[in-house]
$ cat model33.csv   # CSV, C-alpha atoms
chain,number,residue,atom,x,y,z
R,1,MET,CA,64.6,125.9,120.2
R,2,ASN,CA,62.9,125.2,116.9
R,3,LYS,CA,61.0,121.9,116.5
R,4,LYS,CA,63.1,120.6,113.6
R,5,LEU,CA,66.3,121.0,115.7
R,6,ILE,CA,64.7,119.2,118.7
R,7,SER,CA,63.5,116.4,116.4
R,8,TRP,CA,67.0,116.1,114.8
R,9,LEU,CA,68.7,116.0,118.2
R,10,GLY,CA,66.2,113.4,119.4
R,11,LEU,CA,66.9,111.3,116.4
R,12,ILE,CA,70.7,111.5,116.9
R,13,LEU,CA,70.2,110.6,120.6
R,14,LEU,CA,68.0,107.6,119.8
R,15,SER,CA,70.5,106.3,117.2
R,16,PHE,CA,73.3,106.6,119.7
R,17,MET,CA,71.2,104.7,122.4
R,18,ILE,CA,70.4,101.9,119.9
R,19,GLN,CA,74.0,101.5,118.9
R,20,SER,CA,75.3,101.5,122.5
R,21,CYS,CA,72.7,98.8,123.5
R,22,LYS,CA,73.5,96.6,120.5
R,23,ASN,CA,75.6,93.5,121.0
R,24,TYR,CA,76.4,90.4,119.1
R,25,TYR,CA,75.3,87.9,121.8
R,26,TYR,CA,73.0,85.6,119.8
R,27,LEU,CA,71.1,83.6,122.4
R,28,LYS,CA,68.6,81.6,120.3
R,29,HIS,CA,70.4,78.3,119.7
R,30,THR,CA,68.2,75.2,119.8
R,31,PRO,CA,69.5,72.5,122.1
R,32,ALA,CA,72.4,70.4,120.8
R,33,VAL,CA,72.2,66.6,120.3
R,34,ASP,CA,75.4,64.7,121.2
R,35,ASN,CA,77.0,62.6,118.5
R,36,GLU,CA,78.6,59.2,119.1
R,37,ASP,CA,81.8,60.9,120.4
R,38,ARG,CA,79.7,62.9,122.9
R,39,ASN,CA,80.3,66.2,121.0
R,40,PRO,CA,77.4,68.6,120.8
R,41,VAL,CA,75.9,69.0,117.3
R,42,TYR,CA,73.8,72.1,116.6
R,43,ASP,CA,71.3,72.7,113.9
R,44,LEU,CA,72.2,76.2,112.7
R,45,LYS,CA,69.5,78.0,110.8
R,46,PHE,CA,70.1,81.0,108.4
R,47,GLY,CA,67.7,82.3,105.8
R,48,LYS,CA,65.7,79.3,104.6
R,49,GLU,CA,68.6,77.0,105.1
R,50,SER,CA,70.2,75.0,107.9
R,51,MET,CA,73.5,73.2,108.6
R,52,GLN,CA,74.7,70.7,111.2
R,53,PHE,CA,77.7,72.1,113.2
R,54,THR,CA,79.7,70.1,115.7
R,55,THR,CA,81.6,71.7,118.6
R,56,PHE,CA,83.7,70.5,121.5
R,57,ALA,CA,82.0,70.2,124.8
R,58,ASP,CA,83.5,73.3,126.2
R,59,TYR,CA,81.8,75.6,123.7
R,60,GLN,CA,79.1,77.7,125.4
R,61,VAL,CA,75.8,78.8,123.9
R,62,ASN,CA,72.8,80.7,125.1
R,63,MET,CA,74.7,82.2,128.0
R,64,ILE,CA,77.1,85.0,128.7
R,65,ASN,CA,80.3,84.8,130.9
R,66,LYS,CA,82.3,87.9,130.3
R,67,LYS,CA,85.4,86.2,131.6
R,68,TYR,CA,85.6,84.3,128.3
R,69,ILE,CA,84.1,86.9,126.0
R,70,PHE,CA,87.0,89.1,124.6
R,71,PHE,CA,85.2,91.5,122.3
R,72,ALA,CA,83.1,94.6,122.6
R,73,THR,CA,80.5,95.6,120.1
R,74,LYS,CA,82.8,98.1,118.4
R,75,ASP,CA,85.4,95.3,117.9
R,76,VAL,CA,82.9,93.2,116.0
R,77,ASN,CA,81.7,96.2,114.1
R,78,GLN,CA,85.3,96.9,113.0
R,79,VAL,CA,85.8,93.3,111.8
R,80,LEU,CA,82.5,93.3,109.9
R,81,LYS,CA,83.6,96.5,108.1
R,82,THR,CA,87.1,95.3,107.4
R,83,ASN,CA,87.7,93.4,104.1
R,84,PHE,CA,84.2,92.1,103.3
R,85,SER,CA,82.0,95.1,104.3
R,86,LYS,CA,78.7,94.0,102.7
R,87,PRO,CA,75.9,94.2,105.3
R,88,PHE,CA,74.9,90.8,106.6
R,89,THR,CA,71.4,89.6,106.3
R,90,GLU,CA,71.3,88.0,109.8
R,91,GLN,CA,73.4,86.7,112.6
R,92,PHE,CA,72.9,83.0,113.4
R,93,MET,CA,75.6,82.1,115.8
R,94,PHE,CA,77.6,83.2,118.9
R,95,MET,CA,79.7,80.7,120.9
R,96,TYR,CA,82.8,80.8,123.0
R,97,THR,CA,85.0,78.4,124.8
R,98,LYS,CA,85.5,78.1,128.6
R,99,MET,CA,89.2,78.2,127.9
R,100,SER,CA,90.7,81.7,127.9
R,101,ILE,CA,93.2,81.0,125.2
R,102,TYR,CA,90.7,79.9,122.6
R,103,ASN,CA,87.8,81.3,120.6
R,104,ASN,CA,85.0,83.8,120.4
R,105,LEU,CA,83.0,82.6,117.4
R,106,LEU,CA,80.2,84.4,115.6
R,107,GLY,CA,78.3,83.5,112.5
R,108,PHE,CA,76.6,85.7,109.9
R,109,TYR,CA,74.6,85.0,106.8
R,110,TYR,CA,74.9,87.1,103.6
R,111,GLU,CA,71.9,86.3,101.3
R,112,GLY,CA,72.7,86.6,97.6
R,113,ALA,CA,76.5,86.9,98.2
R,114,SER,CA,79.1,84.7,96.5
R,115,LEU,CA,82.6,83.4,97.3
R,116,GLU,CA,83.8,85.4,94.3
R,117,GLU,CA,82.6,88.6,95.9
R,118,VAL,CA,84.4,87.7,99.1
R,119,LYS,CA,87.6,87.0,97.2
R,120,GLN,CA,87.4,90.3,95.4
R,121,ALA,CA,86.7,92.2,98.6
R,122,TYR,CA,89.8,90.8,100.3
R,123,GLY,CA,92.0,91.5,97.2
R,124,ARG,CA,94.4,88.7,98.0
R,125,ASN,CA,94.5,84.9,97.8
R,126,PRO,CA,92.8,83.2,100.7
R,127,ASP,CA,95.0,81.6,103.3
R,128,ALA,CA,93.1,78.4,102.6
R,129,ASP,CA,90.7,77.4,99.8
R,130,MET,CA,88.3,74.6,100.6
R,131,GLY,CA,86.5,74.6,97.2
R,132,ASN,CA,83.1,75.5,98.6
R,133,GLY,CA,84.7,77.9,101.1
R,134,VAL,CA,87.7,80.2,101.8
R,135,LEU,CA,89.6,81.2,104.9
R,136,TYR,CA,91.4,84.4,105.7
R,137,ALA,CA,93.6,85.2,108.7
R,138,TYR,CA,94.5,88.7,109.7
R,139,ASP,CA,94.9,91.2,112.6
R,140,SER,CA,92.1,93.7,113.4
R,141,GLY,CA,93.1,96.1,116.1
R,142,LYS,CA,94.2,94.0,119.1
R,143,PHE,CA,92.6,90.8,117.8
R,144,HIS,CA,93.8,88.1,115.5
R,145,VAL,CA,90.8,87.1,113.4
R,146,VAL,CA,90.2,84.1,111.2
R,147,ASP,CA,87.3,84.5,108.8
R,148,ILE,CA,85.8,81.4,107.3
R,149,TYR,CA,83.3,81.7,104.5
R,150,LYS,CA,81.1,78.8,103.2
R,151,LYS,CA,79.0,78.9,100.1
R,152,THR,CA,75.3,78.0,100.7
R,153,ASP,CA,72.4,77.5,98.4
R,154,ASN,CA,71.3,81.1,98.6
R,155,GLY,CA,74.4,83.0,99.6
R,156,VAL,CA,77.4,82.8,101.9
R,157,ILE,CA,77.9,82.3,105.6
R,158,ARG,CA,80.8,83.8,107.5
R,159,PHE,CA,82.3,82.4,110.7
R,160,ILE,CA,84.3,85.0,112.5
R,161,ASN,CA,86.8,83.6,115.0
R,162,MET,CA,88.4,86.1,117.4
R,163,SER,CA,91.4,85.4,119.6
R,164,ASN,CA,91.9,86.5,123.2
R,165,PRO,CA,94.2,89.6,122.8
R,166,ASP,CA,95.5,89.2,126.3
R,167,GLU,CA,96.7,85.6,125.9
R,168,LYS,CA,100.4,85.0,125.0
R,169,ASP,CA,100.2,82.8,122.0
R,170,PRO,CA,102.9,83.7,119.5
R,171,PRO,CA,102.2,83.5,116.5
R,172,ASN,CA,98.6,82.4,117.3
R,173,LYS,CA,99.6,78.7,117.3
R,174,LYS,CA,97.0,77.6,119.9
R,175,PHE,CA,94.3,79.7,118.4
R,176,HIS,CA,94.9,78.3,114.9
R,177,LEU,CA,95.1,74.8,116.3
R,178,GLU,CA,91.7,75.3,117.9
R,179,ILE,CA,90.2,76.5,114.6
R,180,ARG,CA,91.8,73.6,112.6
R,181,ASN,CA,90.4,71.0,115.1
R,182,LEU,CA,86.9,72.6,115.1
R,183,PHE,CA,86.4,73.4,111.5
R,184,PHE,CA,88.6,70.8,109.7
R,185,GLY,CA,88.5,68.0,112.2
R,186,LEU,CA,85.0,67.9,113.8
R,187,ASN,CA,83.4,69.6,110.8
R,188,ARG,CA,85.4,68.3,107.9
R,189,GLN,CA,82.2,67.1,106.2
R,190,LEU,CA,81.3,70.8,105.5
R,191,TRP,CA,84.2,71.2,102.9
R,192,GLU,CA,85.0,69.9,99.5
R,193,LYS,CA,88.7,70.1,100.3
R,194,ASN,CA,90.3,70.1,103.8
R,195,ALA,CA,92.4,73.0,105.0
R,196,ASP,CA,93.8,71.7,108.2
R,197,GLY,CA,97.3,72.9,107.2
R,198,PHE,CA,96.5,76.6,107.1

$ encode --input "model33.csv" --output "structure tokens"
Amino acid sequence: MNKKLISWLGLILLSFMIQSCKNYYYLKHTPAVDNEDRNPVYDLKFGKESMQFTTFADYQVNMINKKYIFFATKDVNQVLKTNFSKPFTEQFMFMYTKMSIYNNLLGFYYEGASLEEVKQAYGRNPDADMGNGVLYAYDSGKFHVVDIYKKTDNGVIRFINMSNPDEKDPPNKKFHLEIRNLFFGLNRQLWEKNADGF
């Protein structure tokens, strides 16, 4: 075999191996500090910025329990390519709940992006507009997804919420309630306008 062909095949094999080993388990969270209601508050860091984010006590970080993780790498890849396909700058979050009906939550930072770019990419009105953020709900393969974007000083952050596709929850009532309580209850201070009615 000629050396160029061997090199080319080696490169293809290496690319495949890297892709198959890739996952979206971000396990670098700093420890939370409980607030007065005993809810964990995390200092999320992205780019040169940071943000306080409060969760319920059943949200898990820095660990993996596949019983409560519903997605495979290919599922997140699909969501990231659907609608807003601009490459993210970095991932800064991965959390999930110990309740099977609820949420797999990932966070990505897009340096230099704007909410206007996000709105143009979706090509429709958001399901909720929080002034400094927008929310879109849609189906992607077997998942129901809620994308929440927030403007930051230097770009946009994207929270991807993915439902458990095996849970009977028509029409995503429990899943949407979890997101409303998390983002527009516990974290209402993040938004110019509340969107708890989406």

$ residues_near_point --input "model33.csv" --point "(90.5, 71.0, 102.3)" --cutoff "8 Å" --atoms "all atoms listed in the file" --output "count of residues only"
11

$ closest_residue --input "model33.csv" --among "R:Leu182, R:Val118, R:Met162, R:Ile69" --to "Asn83 of chain R" --atoms "only C-alpha atoms"
R:Val118

$ atom_distance --input "model33.csv" --atom1 "atom CA of Asp147 of chain R" --atom2 "atom CA of Ile101 of chain R"
17.8 Å

$ closest_residue --input "model33.csv" --among "R:Tyr24, R:Tyr102, R:Phe46, R:Phe88" --to "Ile64 of chain R" --atoms "all atoms listed in the file"
R:Tyr24

$ closest_residue --input "model33.csv" --among "R:Asn132, R:Thr97, R:Asn23, R:Ser50" --to "Tyr109 of chain R" --atoms "all atoms listed in the file"
R:Ser50

$ atom_distance --input "model33.csv" --atom1 "atom CA of Thr30 of chain R" --atom2 "atom CA of Leu135 of chain R"
26.8 Å

$ closest_residue --input "model33.csv" --among "R:Phe53, R:Phe183, R:Tyr138, R:Tyr122" --to "Phe92 of chain R" --atoms "all atoms listed in the file"
R:Phe53

$ residues_around --input "model33.csv" --residues "Val61 of chain R" --least-positions-apart "5" --cutoff "10 Å" --atoms "all atoms listed in the file" --output "list in words"
Tyr25, Tyr26, Leu27, Lys28, His29, Thr30, Pro31, Ala32, Met93, Phe94, Met95, Tyr96 and Thr97 of chain R

$ atom_distance --input "model33.csv" --atom1 "atom CA of Val145 of chain R" --atom2 "atom CA of Val41 of chain R"
23.8 Å

$ closest_residue --input "model33.csv" --among "R:Phe198, R:Asn104, R:Gln52, R:Gln60" --to "Tyr136 of chain R" --atoms "all atoms listed in the file"
R:Phe198

$ closest_residue --input "model33.csv" --among "R:Asn103, R:Gln120, R:Ser140, R:Thr55" --to "Lys74 of chain R" --atoms "only C-alpha atoms"
R:Ser140

$ residues_around --input "model33.csv" --residues "His144 of chain R" --least-positions-apart "5" --cutoff "8 Å" --atoms "all atoms listed in the file" --output "PyMOL selection string"
chain R and resi 137-139+162-163+165+172

$ build_atoms --input "model33.csv" --residues "segment 35-46 of chain R" --atoms "all heavy atoms" --output "tab-separated table (two decimals), in the coordinates of the input"
chain	number	residue	atom	x	y	z
R	35	ASN	N	76.70	63.67	119.49
R	35	ASN	CA	77.00	62.60	118.50
R	35	ASN	C	77.62	61.41	119.24
R	35	ASN	O	77.71	61.40	120.48
R	35	ASN	CB	77.87	63.15	117.38
R	35	ASN	CG	79.26	63.57	117.84
R	35	ASN	OD1	79.70	63.29	118.96
R	35	ASN	ND2	79.98	64.25	116.96
R	36	GLU	N	78.07	60.43	118.48
R	36	GLU	CA	78.60	59.20	119.10
R	36	GLU	C	79.88	59.47	119.89
R	36	GLU	O	80.22	58.69	120.78
R	36	GLU	CB	78.86	58.13	118.01
R	36	GLU	CG	79.88	58.48	116.94
R	36	GLU	CD	79.32	59.34	115.80
R	36	GLU	OE1	78.12	59.63	115.77
R	36	GLU	OE2	80.12	59.73	114.93
R	37	ASP	N	80.57	60.57	119.61
R	37	ASP	CA	81.80	60.90	120.40
R	37	ASP	C	81.46	61.85	121.54
R	37	ASP	O	82.37	62.40	122.16
R	37	ASP	CB	82.80	61.60	119.45
R	37	ASP	CG	83.29	60.67	118.35
R	37	ASP	OD1	83.47	59.46	118.64
R	37	ASP	OD2	83.46	61.14	117.22
R	38	ARG	N	80.17	62.08	121.79
R	38	ARG	CA	79.70	62.90	122.90
R	38	ARG	C	80.00	64.41	122.65
R	38	ARG	O	80.07	65.19	123.59
R	38	ARG	CB	80.19	62.46	124.23
R	38	ARG	CG	79.80	61.00	124.48
R	38	ARG	CD	80.06	60.58	125.84
R	38	ARG	NE	79.17	61.33	126.72
R	38	ARG	CZ	78.95	61.06	127.97
R	38	ARG	NH1	79.54	60.04	128.52
R	38	ARG	NH2	78.16	61.80	128.69
R	39	ASN	N	80.18	64.79	121.39
R	39	ASN	CA	80.30	66.20	121.00
R	39	ASN	C	78.98	66.78	120.67
R	39	ASN	O	78.20	66.12	119.97
R	39	ASN	CB	81.30	66.36	119.85
R	39	ASN	CG	82.72	66.06	120.23
R	39	ASN	OD1	83.21	66.49	121.27
R	39	ASN	ND2	83.40	65.28	119.41
R	40	PRO	N	78.68	68.01	121.11
R	40	PRO	CA	77.40	68.60	120.80
R	40	PRO	C	77.29	68.95	119.28
R	40	PRO	O	78.24	69.46	118.68
R	40	PRO	CB	77.37	69.91	121.59
R	40	PRO	CG	78.46	69.78	122.60
R	40	PRO	CD	79.47	68.83	122.02
R	41	VAL	N	76.14	68.64	118.70
R	41	VAL	CA	75.90	69.00	117.30
R	41	VAL	C	74.67	69.92	117.29
R	41	VAL	O	73.61	69.61	117.82
R	41	VAL	CB	75.53	67.71	116.48
R	41	VAL	CG1	75.24	68.08	115.03
R	41	VAL	CG2	76.67	66.70	116.56
R	42	TYR	N	74.87	71.10	116.66
R	42	TYR	CA	73.80	72.10	116.60
R	42	TYR	C	73.25	72.19	115.20
R	42	TYR	O	73.96	72.03	114.22
R	42	TYR	CB	74.42	73.50	116.98
R	42	TYR	CG	74.84	73.57	118.41
R	42	TYR	CD1	76.14	73.24	118.78
R	42	TYR	CD2	73.94	73.93	119.40
R	42	TYR	CE1	76.53	73.28	120.10
R	42	TYR	CE2	74.32	73.97	120.73
R	42	TYR	CZ	75.61	73.63	121.07
R	42	TYR	OH	76.00	73.66	122.39
R	43	ASP	N	71.97	72.45	115.13
R	43	ASP	CA	71.30	72.70	113.90
R	43	ASP	C	71.23	74.19	113.67
R	43	ASP	O	70.38	74.85	114.26
R	43	ASP	CB	69.89	72.06	113.89
R	43	ASP	CG	69.23	72.10	112.53
R	43	ASP	OD1	69.95	72.05	111.51
R	43	ASP	OD2	67.99	72.18	112.49
R	44	LEU	N	72.17	74.74	112.90
R	44	LEU	CA	72.20	76.20	112.70
R	44	LEU	C	71.29	76.56	111.56
R	44	LEU	O	71.30	75.95	110.49
R	44	LEU	CB	73.67	76.59	112.31
R	44	LEU	CG	74.76	76.23	113.32
R	44	LEU	CD1	76.12	76.64	112.79
R	44	LEU	CD2	74.49	76.85	114.68
R	45	LYS	N	70.48	77.59	111.77
R	45	LYS	CA	69.50	78.00	110.80
R	45	LYS	C	69.84	79.45	110.34
R	45	LYS	O	70.13	80.31	111.15
R	45	LYS	CB	68.10	77.98	111.38
R	45	LYS	CG	67.67	76.57	111.77
R	45	LYS	CD	66.25	76.54	112.29
R	45	LYS	CE	65.83	75.19	112.81
R	45	LYS	NZ	66.22	74.04	112.10
R	46	PHE	N	69.81	79.65	109.02
R	46	PHE	CA	70.10	81.00	108.40
R	46	PHE	C	69.25	81.05	107.15
R	46	PHE	O	69.23	80.12	106.36
R	46	PHE	CB	71.56	81.18	108.15
R	46	PHE	CG	72.24	79.99	107.56
R	46	PHE	CD1	72.27	79.81	106.20
R	46	PHE	CD2	72.82	79.04	108.38
R	46	PHE	CE1	72.88	78.70	105.65
R	46	PHE	CE2	73.44	77.92	107.83
R	46	PHE	CZ	73.47	77.75	106.46
